[in-house]
$ cat input.txt   # compact mmCIF, C-alpha atoms
# COMPACT_ATOMS: atom_id res chain seq x y z
CA MET A 1 10.15 18.57 -16.83
CA LYS A 2 13.04 16.40 -18.01
CA ILE A 3 14.10 15.97 -14.40
CA VAL A 4 10.58 14.94 -13.35
CA SER A 5 10.32 12.50 -16.26
CA THR A 6 13.66 10.95 -15.33
CA ILE A 7 12.56 10.55 -11.73
CA VAL A 8 9.28 9.01 -12.90
CA LEU A 9 11.03 6.40 -15.01
CA THR A 10 13.58 5.64 -12.31
CA THR A 11 10.95 5.20 -9.61
CA LEU A 12 8.81 3.04 -11.87
CA CYS A 13 11.73 0.69 -12.28
CA CYS A 14 11.96 0.47 -8.50
CA ALA A 15 8.21 0.37 -7.89
CA SER A 16 7.73 -2.38 -10.45
CA ALA A 17 9.38 -4.67 -7.94
CA PHE A 18 6.10 -4.93 -6.07
CA GLY A 19 4.54 -6.39 -9.20
CA LEU A 20 7.10 -9.14 -9.65
CA HIS A 21 7.42 -12.39 -7.77
CA GLY A 22 10.87 -12.26 -6.26
CA ARG A 23 12.41 -15.43 -4.88
CA ALA A 24 14.89 -15.16 -2.07
CA VAL A 25 17.88 -17.48 -2.08
CA SER A 26 18.91 -18.66 1.35
CA ARG A 27 22.47 -19.68 2.04
CA ALA A 28 23.69 -21.16 5.31
CA LEU A 29 27.16 -20.87 6.70
CA LYS A 30 28.25 -24.27 7.93
CA SER A 31 30.52 -24.23 10.96
CA PRO A 32 30.95 -26.59 13.91
CA SER A 33 30.33 -23.80 16.42
CA VAL A 34 27.85 -21.61 14.53
CA VAL A 35 24.18 -22.41 13.92
CA ALA A 36 23.13 -21.21 10.46
CA HIS A 37 19.81 -19.50 9.94
CA PRO A 38 17.89 -19.03 6.70
CA THR A 39 18.10 -15.57 5.26
CA ALA A 40 14.76 -13.74 5.34
CA LYS A 41 13.29 -12.06 2.30
CA VAL A 42 13.63 -8.29 2.36
CA VAL A 43 10.14 -7.78 0.94
CA GLU A 44 7.73 -10.71 0.93
CA PRO A 45 4.47 -10.89 -1.06
CA LEU A 46 1.33 -10.20 0.96
CA ASP A 47 -2.16 -11.58 0.64
CA LEU A 48 -5.31 -9.44 0.93
CA SER A 49 -5.32 -9.86 4.71
CA GLY A 50 -1.83 -8.38 4.95
CA LYS A 51 -0.19 -11.66 5.96
CA ARG A 52 3.08 -12.88 4.49
CA THR A 53 2.51 -15.61 1.96
CA SER A 54 5.76 -17.30 2.96
CA ASP A 55 6.06 -19.22 6.18
CA THR A 56 9.75 -18.27 6.45
CA ALA A 57 10.43 -16.60 9.77
CA LEU A 58 12.78 -13.71 10.10
CA PHE A 59 14.74 -15.51 12.78
CA ASN A 60 14.73 -18.98 14.34
CA SER A 61 14.61 -18.73 18.10
CA GLU A 62 16.91 -21.57 19.08
CA ALA A 63 18.31 -21.88 22.54
CA SER A 64 22.05 -21.67 22.82
CA GLU A 65 24.11 -22.26 25.91
CA VAL A 66 26.25 -19.37 27.02
CA ARG A 67 28.71 -19.73 29.87
CA GLY A 68 27.67 -17.64 32.84
CA GLY A 69 23.98 -17.19 32.05
CA ALA A 70 21.22 -17.16 29.42
CA ALA A 71 21.77 -16.33 25.79
CA PRO A 72 21.56 -12.59 24.99
CA ALA A 73 18.39 -11.53 23.19
CA ALA A 74 18.87 -10.91 19.52
CA LYS A 75 18.08 -7.38 18.34
CA ALA A 76 15.22 -7.05 15.90
CA PRO A 77 16.60 -6.19 12.46
CA ILE A 78 15.60 -3.07 10.57
CA ASP A 79 12.98 -3.94 7.97
CA ILE A 80 14.67 -2.42 4.93
CA GLY A 81 11.84 -3.50 2.67
CA LEU A 82 9.28 -1.64 4.80
CA LEU A 83 11.44 1.49 4.77
CA ILE A 84 11.62 1.31 0.98
CA TYR A 85 7.84 0.99 0.84
CA PHE A 86 7.45 4.09 3.01
CA GLY A 87 9.89 6.02 0.84
CA LEU A 88 8.14 5.08 -2.42
CA TRP A 89 4.74 5.86 -0.90
CA TYR A 90 5.74 9.36 0.24
CA LEU A 91 7.72 10.10 -2.92
CA GLY A 92 4.91 8.91 -5.17
CA ASN A 93 2.25 10.91 -3.33
CA TYR A 94 4.43 14.02 -3.40
CA TYR A 95 5.17 13.86 -7.11
CA TYR A 96 1.61 12.87 -8.00
CA ASN A 97 0.29 16.08 -6.44
CA ILE A 98 2.87 18.18 -8.27
CA THR A 99 2.47 16.59 -11.72
CA ASN A 100 -1.31 16.52 -11.35
CA LYS A 101 -1.42 20.26 -10.61
CA LEU A 102 0.96 21.00 -13.50
CA ALA A 103 -1.25 19.01 -15.90
CA LEU A 104 -4.40 20.82 -14.69
CA THR A 105 -2.74 24.23 -14.99
CA ALA A 106 -1.37 23.52 -18.48
CA ALA A 107 -4.84 22.35 -19.61
CA GLY A 108 -6.56 25.57 -18.56
CA GLY A 109 -6.76 25.45 -14.77
CA LYS A 110 -10.22 26.22 -13.38
CA THR A 111 -11.78 26.34 -16.86
CA GLY A 112 -9.85 23.34 -18.17
CA PHE A 113 -10.50 19.60 -18.29
CA PRO A 114 -10.38 18.13 -14.76
CA MET A 115 -12.75 15.22 -15.54
CA THR A 116 -10.82 14.27 -18.66
CA ILE A 117 -7.50 14.42 -16.85
CA SER A 118 -8.72 12.42 -13.84
CA GLY A 119 -10.25 9.75 -16.09
CA LEU A 120 -7.15 9.44 -18.27
CA GLN A 121 -4.99 9.15 -15.16
CA LEU A 122 -6.98 6.06 -14.22
CA GLY A 123 -6.54 4.84 -17.80
CA VAL A 124 -2.76 5.19 -17.57
CA GLY A 125 -2.73 3.26 -14.29
CA SER A 126 -4.97 0.57 -15.81
CA LEU A 127 -2.55 0.04 -18.69
CA TYR A 128 0.31 -0.34 -16.23
CA GLY A 129 -1.67 -2.89 -14.21
CA ILE A 130 -2.47 -4.88 -17.36
CA PHE A 131 1.21 -4.74 -18.36
CA LEU A 132 2.17 -6.40 -15.07
CA TRP A 133 -0.22 -9.26 -15.87
CA LEU A 134 1.17 -9.73 -19.38
CA ALA A 135 4.89 -9.29 -18.70
CA PRO A 136 6.92 -12.51 -18.36
CA ASP A 137 7.53 -13.63 -14.76
CA ALA A 138 5.39 -10.76 -13.50
CA ARG A 139 2.18 -10.71 -11.52
CA THR A 140 -0.16 -13.69 -11.52
CA LYS A 141 -3.48 -12.88 -13.18
CA PRO A 142 -6.63 -12.91 -11.03
CA THR A 143 -9.25 -15.62 -11.59
CA VAL A 144 -12.30 -13.51 -10.78
CA THR A 145 -15.68 -14.27 -12.32
CA PHE A 146 -18.11 -11.90 -14.01
CA ASP A 147 -20.23 -11.89 -10.84
CA ASP A 148 -17.13 -10.86 -8.86
CA LEU A 149 -16.60 -7.88 -11.17
CA ILE A 150 -20.23 -6.84 -10.76
CA LYS A 151 -19.82 -6.92 -6.98
CA MET A 152 -16.70 -4.76 -7.29
CA LEU A 153 -18.52 -2.00 -9.20
CA PRO A 154 -19.69 -0.01 -6.13
CA VAL A 155 -16.14 0.10 -4.75
CA ALA A 156 -14.74 1.02 -8.18
CA PHE A 157 -17.33 3.79 -8.63
CA CYS A 158 -16.50 5.30 -5.23
CA PHE A 159 -12.80 5.00 -6.03
CA MET A 160 -13.32 6.85 -9.31
CA GLY A 161 -15.56 9.45 -7.62
CA ALA A 162 -13.07 10.16 -4.85
CA HIS A 163 -10.22 10.53 -7.34
CA SER A 164 -12.14 12.75 -9.77
CA ALA A 165 -13.48 15.00 -7.00
CA SER A 166 -9.96 15.36 -5.59
CA VAL A 167 -8.65 16.38 -9.01
CA PHE A 168 -11.48 18.92 -9.30
CA ALA A 169 -10.58 20.34 -5.89
CA MET A 170 -6.89 20.69 -6.76
CA GLY A 171 -7.79 22.29 -10.08
CA MET A 172 -10.08 24.88 -8.49
CA GLY A 173 -7.71 25.95 -5.71
CA ALA A 174 -4.40 25.35 -4.00
CA VAL A 175 -3.23 21.75 -3.64
CA SER A 176 -2.31 22.39 0.00
CA PHE A 177 -5.84 23.65 0.74
CA ALA A 178 -7.44 20.62 -0.91
CA GLN A 179 -5.18 18.31 1.11
CA ILE A 180 -6.12 20.06 4.36
CA VAL A 181 -9.83 19.60 3.62
CA LYS A 182 -9.24 15.96 2.63
CA ALA A 183 -7.62 15.44 6.03
CA ALA A 184 -11.14 15.76 7.48
CA GLU A 185 -12.16 12.43 5.91
CA PRO A 186 -12.56 10.75 9.36
CA ALA A 187 -15.49 13.07 10.06
CA PHE A 188 -17.32 11.79 6.99
CA ALA A 189 -16.36 8.21 7.75
CA ALA A 190 -17.69 8.51 11.30
CA VAL A 191 -21.07 9.86 10.19
CA LEU A 192 -21.49 7.19 7.52
CA SER A 193 -20.37 4.36 9.78
CA GLN A 194 -22.71 5.42 12.58
CA PHE A 195 -25.86 6.33 10.68
CA VAL A 196 -25.66 4.42 7.37
CA TYR A 197 -23.70 1.23 8.08
CA GLY A 198 -24.76 0.85 11.72
CA LYS A 199 -21.21 0.66 13.07
CA LYS A 200 -20.97 2.46 16.39
CA ILE A 201 -18.29 5.13 16.76
CA SER A 202 -16.93 5.69 20.26
CA ARG A 203 -17.66 8.89 22.15
CA ALA A 204 -13.92 9.60 22.31
CA LYS A 205 -13.73 9.61 18.50
CA TRP A 206 -16.72 11.92 18.21
CA LEU A 207 -15.03 14.36 20.60
CA CYS A 208 -11.99 14.47 18.29
CA LEU A 209 -14.00 15.56 15.24
CA PRO A 210 -14.51 19.21 16.33
CA ILE A 211 -10.72 19.52 16.50
CA VAL A 212 -10.39 18.26 12.93
CA ILE A 213 -13.20 20.44 11.56
CA GLY A 214 -11.98 23.47 13.53
CA GLY A 215 -8.50 23.11 12.08
CA VAL A 216 -9.89 22.96 8.53
CA ILE A 217 -12.01 26.08 9.15
CA LEU A 218 -9.05 27.95 10.62
CA ALA A 219 -6.84 27.00 7.66
CA SER A 220 -9.54 28.31 5.29
CA VAL A 221 -9.87 31.74 6.89
CA LYS A 222 -6.79 33.31 5.28
CA GLU A 223 -6.56 30.99 2.26
CA LEU A 224 -5.56 33.19 -0.69
CA ASP A 225 -6.69 30.60 -3.22
CA PHE A 226 -9.95 29.79 -1.45
CA ALA A 227 -12.81 28.73 -3.68
CA TRP A 228 -16.12 27.20 -2.69
CA ALA A 229 -15.81 24.81 -5.62
CA ALA A 230 -12.53 23.48 -4.19
CA LEU A 231 -14.03 23.09 -0.72
CA ILE A 232 -17.16 21.33 -1.97
CA SER A 233 -15.19 19.04 -4.32
CA ALA A 234 -12.81 18.02 -1.54
CA CYS A 235 -15.78 17.25 0.73
CA ILE A 236 -17.35 15.14 -2.02
CA ALA A 237 -14.03 13.29 -2.35
CA ASN A 238 -14.11 12.61 1.38
CA MET A 239 -17.64 11.25 1.13
CA PHE A 240 -16.75 8.91 -1.73
CA ALA A 241 -13.62 7.74 0.11
CA ALA A 242 -15.60 7.03 3.27
CA VAL A 243 -18.23 5.04 1.37
CA ARG A 244 -15.52 3.15 -0.50
CA GLY A 245 -13.89 2.11 2.77
CA ASN A 246 -17.10 0.66 4.13
CA GLU A 247 -18.10 -0.98 0.85
CA ASN A 248 -14.67 -2.53 0.47
CA LYS A 249 -14.97 -4.19 3.88
CA LYS A 250 -18.31 -5.69 2.83
CA LEU A 251 -16.86 -6.80 -0.51
CA MET A 252 -13.93 -8.63 1.08
CA GLU A 253 -16.39 -10.70 3.13
CA THR A 254 -17.53 -12.42 -0.09
CA SER A 255 -16.67 -16.10 0.15
CA GLY A 256 -13.58 -17.02 -1.88
CA LEU A 257 -13.12 -13.55 -3.40
CA LYS A 258 -9.75 -12.92 -1.77
CA GLU A 259 -8.39 -16.15 -3.20
CA ARG A 260 -9.74 -15.43 -6.70
CA ILE A 261 -8.26 -11.91 -6.71
CA GLY A 262 -4.96 -13.25 -5.46
CA SER A 263 -3.14 -10.16 -4.16
CA ILE A 264 -3.44 -6.53 -3.13
CA GLY A 265 -1.88 -5.51 -6.46
CA ASN A 266 -4.54 -7.40 -8.40
CA GLN A 267 -7.31 -5.85 -6.35
CA PHE A 268 -6.05 -2.32 -7.03
CA ALA A 269 -5.53 -3.07 -10.73
CA LEU A 270 -9.08 -4.38 -11.09
CA THR A 271 -10.47 -1.38 -9.20
CA SER A 272 -8.50 1.01 -11.44
CA ILE A 273 -9.70 -0.65 -14.64
CA LEU A 274 -13.35 -0.63 -13.54
CA GLY A 275 -12.99 2.96 -12.28
CA PHE A 276 -11.59 4.07 -15.63
CA LEU A 277 -14.46 2.43 -17.54
CA LEU A 278 -16.99 4.08 -15.22
CA SER A 279 -15.36 7.49 -15.74
CA ILE A 280 -15.82 7.42 -19.54
CA PRO A 281 -19.56 8.32 -19.48
CA LEU A 282 -18.85 11.22 -17.10
CA ILE A 283 -16.07 12.51 -19.35
CA ILE A 284 -18.45 12.42 -22.33
CA VAL A 285 -21.27 14.17 -20.45
CA ARG A 286 -19.16 16.88 -18.84
CA GLU A 287 -16.36 17.59 -21.33
CA GLY A 288 -17.12 15.43 -24.38
CA SER A 289 -18.08 18.39 -26.56
CA ARG A 290 -14.67 19.96 -25.89
CA PHE A 291 -12.58 16.81 -26.23
CA GLY A 292 -11.23 17.91 -29.62
CA GLU A 293 -10.00 21.11 -28.00
CA PHE A 294 -8.24 19.06 -25.33
CA VAL A 295 -6.52 16.90 -27.95
CA GLN A 296 -5.28 19.99 -29.80
CA MET A 297 -3.98 21.53 -26.59
CA ALA A 298 -2.16 18.30 -25.73
CA LYS A 299 -0.53 18.26 -29.17
CA THR A 300 0.74 21.82 -28.88
CA THR A 301 1.49 21.80 -25.15
CA PRO A 302 3.70 18.83 -24.18
CA ALA A 303 3.38 19.77 -20.50
CA ILE A 304 -0.20 18.46 -20.59
CA TRP A 305 0.38 14.92 -21.78
CA MET A 306 3.77 14.55 -20.09
CA ASN A 307 2.36 15.49 -16.67
CA LEU A 308 -0.83 13.55 -17.38
CA VAL A 309 1.07 10.31 -17.99
CA ALA A 310 3.46 10.97 -15.09
CA SER A 311 0.65 11.76 -12.64
CA GLY A 312 -1.27 8.64 -13.72
CA LEU A 313 1.75 6.43 -13.06
CA TRP A 314 2.55 8.17 -9.78
CA PHE A 315 -1.07 7.81 -8.64
CA TYR A 316 -1.22 4.11 -9.42
CA GLY A 317 2.17 3.37 -7.92
CA TYR A 318 1.83 5.26 -4.67
CA ASN A 319 -1.66 3.91 -3.95
CA GLU A 320 -0.58 0.31 -4.39
CA VAL A 321 2.59 0.76 -2.36
CA ALA A 322 0.62 2.60 0.35
CA THR A 323 -1.80 -0.31 0.64
CA MET A 324 1.04 -2.80 0.96
CA THR A 325 2.83 -0.59 3.49
CA LEU A 326 -0.20 -0.16 5.74
CA LYS A 327 -0.94 -3.89 5.63
CA LYS A 328 2.53 -4.57 7.05
CA THR A 329 2.18 -2.15 9.98
CA GLY A 330 0.11 -1.76 13.14
CA ALA A 331 -2.65 0.75 13.84
CA VAL A 332 -0.44 3.32 15.59
CA THR A 333 2.25 3.14 12.90
CA GLN A 334 -0.43 3.64 10.25
CA SER A 335 -1.70 6.74 12.04
CA VAL A 336 1.78 8.23 12.36
CA ALA A 337 2.57 7.37 8.72
CA ASN A 338 -0.60 8.99 7.37
CA THR A 339 -0.04 12.08 9.51
CA ALA A 340 3.56 12.44 8.37
CA LYS A 341 2.53 11.93 4.74
CA ARG A 342 -0.02 14.76 4.87
CA VAL A 343 2.48 17.15 6.45
CA ILE A 344 5.15 16.34 3.86
CA VAL A 345 2.74 16.70 0.94
CA ILE A 346 1.06 19.91 2.16
CA VAL A 347 4.27 21.75 3.04
CA GLY A 348 6.43 20.32 0.25
CA VAL A 349 3.93 20.85 -2.57
CA ALA A 350 3.09 24.38 -1.35
CA MET A 351 6.78 25.31 -1.43
CA VAL A 352 7.36 23.86 -4.91
CA LEU A 353 4.23 25.39 -6.45
CA GLY A 354 4.58 28.70 -4.62
CA GLU A 355 1.27 28.41 -2.76
CA SER A 356 0.45 30.49 0.30
CA LEU A 357 1.57 29.17 3.68
CA SER A 358 0.48 31.88 6.09
CA PRO A 359 0.96 31.33 9.85
CA ILE A 360 -2.77 30.93 10.45
CA LYS A 361 -3.02 28.40 7.61
CA LEU A 362 -0.14 26.41 9.08
CA LEU A 363 -1.77 26.61 12.51
CA GLY A 364 -5.08 25.36 11.15
CA CYS A 365 -3.29 22.64 9.22
CA SER A 366 -1.44 21.52 12.37
CA ILE A 367 -4.64 21.45 14.45
CA GLY A 368 -6.58 19.57 11.78
CA ILE A 369 -3.93 16.94 11.12
CA GLY A 370 -3.24 16.62 14.85
CA GLY A 371 -6.95 15.99 15.36
CA VAL A 372 -6.90 13.28 12.69
CA PHE A 373 -3.96 11.59 14.40
CA LEU A 374 -5.72 11.77 17.78
CA TYR A 375 -8.90 10.37 16.19
CA SER A 376 -6.89 7.40 14.91
CA ILE A 377 -5.40 6.43 18.27
CA ILE A 378 -7.88 7.75 20.85
CA ASP A 379 -9.61 4.40 21.43
CA ASN A 380 -6.28 2.73 22.24
CA LEU A 381 -5.37 5.57 24.60
CA VAL A 382 -8.70 5.31 26.42
CA LYS A 383 -8.47 1.51 26.74
CA SER A 384 -4.98 1.65 28.18
CA LYS A 385 -6.15 3.75 31.14

$ encode --input "input.txt" --output "structure tokens"
Amino acid sequence: MKIVSTIVLTTLCCASAFGLHGRAVSRALKSPSVVAHPTAKVVEPLDLSGKRTSDTALFNSEASEVRGGAAPAAKAPIDIGLLIYFGLWYLGNYYYNITNKLALTAAGGKTGFPMTISGLQLGVGSLYGIFLWLAPDARTKPTVTFDDLIKMLPVAFCFMGAHSASVFAMGMGAVSFAQIVKAAEPAFAAVLSQFVYGKKISRAKWLCLPIVIGGVILASVKELDFAWAALISACIANMFAAVRGNENKKLMETSGLKERIGSIGNQFALTSILGFLLSIPLIIVREGSRFGEFVQMAKTTPAIWMNLVASGLWFYGYNEVATMTLKKTGAVTQSVANTAKRVIVIVGVAMVLGESLSPIKLLGCSIGIGGVFLYSIIDNLVKSK
């Protein structure tokens, strides 16, 4: 636990960089025969559309005369900042799943306090987001109105619902199993987009869904920790996540809202705060009568509150970094990144927590995740032919 706590604090120091406004200092080398170029920022702030807020280009394409022919093309540099984002995203997701499961297990497992833990995780993330607004030279505060906050409530509610249902699923069964079921989210998104939001899904995408669903079913056949409650909760999480995605697109079409929010970090902080406030009534209804018992357990079992705080920080950090990472990449890169993330989390967490990884479960997992990847890129593949 000390090791995990140390890693948490170390990563937070690194991850806090995305909440601060860094200013790059450009220095030019002056020489009669060398043209100096401004040094590019390693990680530049992004707006809600995923565009760099600075107009500084990575390289100036100036023509230079070279004896014997045209100037050689400059090689594109490795985006170190993007690689760091990927690393923090994967690391945060990995450790969130581990610390979340440890907190659930320490608090009683299947008969414990999943709603309380999921709500308090959002509370921890909310405090961190508020800290970034209050800290000197940190994140600029949003200028949203009360009407803006009201419009954000549906997205925040779906965000809270998806998170809480996911925590329920991981508390009722194996984390790897819950992650495999959550990989089927595109199926839910397709149904909602087609029949609720009126957005047509291509035939090619529909044909990919049986592969995804078949992989999930195959992975469930020999699941030692199978529980209907885990399956249903993960499906509910998928439904909330799909609705959130569609509602968020509608929300961002509100005139001037992007400018008033200011940044991706502010949007996630506001969503977390509203999600936490919306979770309080559910905590009271479901586990309010046992809250005193939870407090006593937390006092006598440090593993509960230590993993609760750690998982809350990991959850907030990895979600914000993931959003920034995906905004800086193309569609295919996003698909590959999400696929790789699921594989790393499912296999890595199962090994650490000692969960079952039978050959048929791995086969089902591979088919399901492969189907999700194909679903993500199938339209581009069809168009290119």

$ closest_atom_pairs --input "input.txt" --of "region 147-231 of chain A" --to "region 281-289 of chain A" --cutoff "12 Å" --atoms "all atoms listed in the file" --output "tab-separated table"
residue	atom	partner	partner_atom	distance
A:Phe157	CA	A:Leu282	CA	11.4
A:Met160	CA	A:Leu282	CA	10.5
A:Gly161	CA	A:Leu282	CA	10.2
A:Ser164	CA	A:Leu282	CA	10.1

$ residues_around --input "input.txt" --residues "region 263-279 of chain A" --least-positions-apart "5" --cutoff "6 Å" --atoms "only C-alpha atoms" --output "PyMOL selection string"
chain A and resi 47-48+119+122-123+126+129+156-157+160

$ residues_around --input "input.txt" --residues "Asp379 (chain A)" --least-positions-apart "2" --cutoff "10 Å" --atoms "all atoms listed in the file" --output "ChimeraX atom specification"
/A:201-205,374-377,381-384

$ write_last_selection --input "input.txt" --atoms "C-alpha atoms" --output "PDB file, in the coordinates of the input"
ATOM      1  CA  ILE A 201     -18.290   5.130  16.760  1.00  0.00           C
ATOM      2  CA  SER A 202     -16.930   5.690  20.260  1.00  0.00           C
ATOM      3  CA  ARG A 203     -17.660   8.890  22.150  1.00  0.00           C
ATOM      4  CA  ALA A 204     -13.920   9.600  22.310  1.00  0.00           C
ATOM      5  CA  LYS A 205     -13.730   9.610  18.500  1.00  0.00           C
ATOM      6  CA  LEU A 374      -5.720  11.770  17.780  1.00  0.00           C
ATOM      7  CA  TYR A 375      -8.900  10.370  16.190  1.00  0.00           C
ATOM      8  CA  SER A 376      -6.890   7.400  14.910  1.00  0.00           C
ATOM      9  CA  ILE A 377      -5.400   6.430  18.270  1.00  0.00           C
ATOM     10  CA  LEU A 381      -5.370   5.570  24.600  1.00  0.00           C
ATOM     11  CA  VAL A 382      -8.700   5.310  26.420  1.00  0.00           C
ATOM     12  CA  LYS A 383      -8.470   1.510  26.740  1.00  0.00           C
ATOM     13  CA  SER A 384      -4.980   1.650  28.180  1.00  0.00           C
TER      14      SER A 384
END

$ closest_residue --input "input.txt" --among "A:Pro142, A:Ala241, A:Cys235, A:Ile180" --to "Leu357 (chain A)" --atoms "all atoms listed in the file"
A:Ile180

$ residues_near_point --input "input.txt" --point "(-3.5, 24.0, -20.7)" --cutoff "12 Å" --atoms "only C-alpha atoms" --output "JSON, numbers by chain"
{"A": [101, 102, 103, 104, 105, 106, 107, 108, 109, 110, 111, 112, 113, 114, 117, 171, 293, 294, 295, 296, 297, 298, 299, 300, 301, 302, 303, 304, 305, 306, 307, 308]}

$ residues_around --input "input.txt" --residues "Gly364 (chain A)" --least-positions-apart "2" --cutoff "8 Å" --atoms "all atoms listed in the file" --output "list of chain:residue names"
A:Gly214, A:Gly215, A:Val216, A:Ile217, A:Leu218, A:Ala219, A:Ser220, A:Ile360, A:Lys361, A:Leu362, A:Ser366, A:Ile367, A:Gly368

$ residues_around --input "input.txt" --residues "region 338-351 of chain A" --least-positions-apart "5" --cutoff "7 Å" --atoms "all atoms listed in the file" --output "list in words"
Tyr90, Tyr94, Ile98, Ser176, Gln179, Ser356, Ile369 and Phe373 of chain A

$ residues_around --input "input.txt" --residues "Ser233 (chain A)" --least-positions-apart "4" --cutoff "9 Å" --atoms "only C-alpha atoms" --output "ChimeraX atom specification"
/A:164-170,172,178,228-229,237-238

$ atom_distance --input "input.txt" --atom1 "CA of Pro186 (chain A)" --atom2 "CA of Leu209 (chain A)"
7.7 Å

$ closest_residue --input "input.txt" --among "A:Ala310, A:Ala337, A:Asp79, A:Asn246" --to "Ala322 (chain A)" --atoms "all atoms listed in the file"
A:Ala337

$ closest_residue --input "input.txt" --among "A:Thr116, A:Ser311, A:Thr145, A:Thr329" --to "Asn93 (chain A)" --atoms "only C-alpha atoms"
A:Ser311

$ atom_distance --input "input.txt" --atom1 "CA of Gly317 (chain A)" --atom2 "CA of Phe146 (chain A)"
26.1 Å

$ atom_distance --input "input.txt" --atom1 "CA of Cys365 (chain A)" --atom2 "CA of Val181 (chain A)"
9.1 Å

$ build_atoms --input "input.txt" --residues "region 317-330 of chain A" --atoms "N, CA, C and O atoms" --output "compact mmCIF listing (two decimals), keeping the file's coordinate frame"
# COMPACT_ATOMS: atom_id res chain seq x y z
N GLY A 317 1.08 3.93 -8.70
CA GLY A 317 2.17 3.37 -7.92
C GLY A 317 2.07 3.67 -6.44
O GLY A 317 2.20 2.77 -5.61
N TYR A 318 1.82 4.93 -6.09
CA TYR A 318 1.83 5.26 -4.67
C TYR A 318 0.64 4.66 -3.94
O TYR A 318 0.75 4.27 -2.76
N ASN A 319 -0.50 4.52 -4.60
CA ASN A 319 -1.66 3.91 -3.95
C ASN A 319 -1.42 2.44 -3.65
O ASN A 319 -1.76 1.94 -2.58
N GLU A 320 -0.83 1.74 -4.61
CA GLU A 320 -0.58 0.31 -4.39
C GLU A 320 0.48 0.10 -3.32
O GLU A 320 0.33 -0.75 -2.43
N VAL A 321 1.54 0.88 -3.36
CA VAL A 321 2.59 0.76 -2.36
C VAL A 321 2.06 1.15 -0.98
O VAL A 321 2.40 0.52 0.03
N ALA A 322 1.20 2.19 -0.93
CA ALA A 322 0.62 2.60 0.35
C ALA A 322 -0.20 1.48 0.97
O ALA A 322 -0.12 1.23 2.18
N THR A 323 -0.98 0.79 0.14
CA THR A 323 -1.80 -0.31 0.64
C THR A 323 -0.93 -1.41 1.21
O THR A 323 -1.19 -1.95 2.29
N MET A 324 0.13 -1.76 0.49
CA MET A 324 1.04 -2.80 0.96
C MET A 324 1.75 -2.37 2.24
O MET A 324 1.93 -3.17 3.16
N THR A 325 2.13 -1.10 2.32
CA THR A 325 2.83 -0.59 3.49
C THR A 325 1.95 -0.66 4.73
O THR A 325 2.36 -1.13 5.79
N LEU A 326 0.70 -0.19 4.61
CA LEU A 326 -0.20 -0.16 5.74
C LEU A 326 -0.58 -1.56 6.19
O LEU A 326 -0.84 -1.79 7.38
N LYS A 327 -0.63 -2.51 5.26
CA LYS A 327 -0.94 -3.89 5.63
C LYS A 327 0.16 -4.53 6.45
O LYS A 327 -0.06 -5.48 7.19
N LYS A 328 1.39 -4.00 6.35
CA LYS A 328 2.53 -4.57 7.05
C LYS A 328 2.77 -3.90 8.40
O LYS A 328 3.71 -4.25 9.11
N THR A 329 1.94 -2.91 8.76
CA THR A 329 2.18 -2.15 9.98
C THR A 329 0.97 -2.22 10.92
O THR A 329 -0.12 -2.61 10.52
N GLY A 330 1.19 -1.80 12.16
CA GLY A 330 0.11 -1.76 13.14
C GLY A 330 -0.69 -0.48 13.06
O GLY A 330 -0.36 0.44 12.30
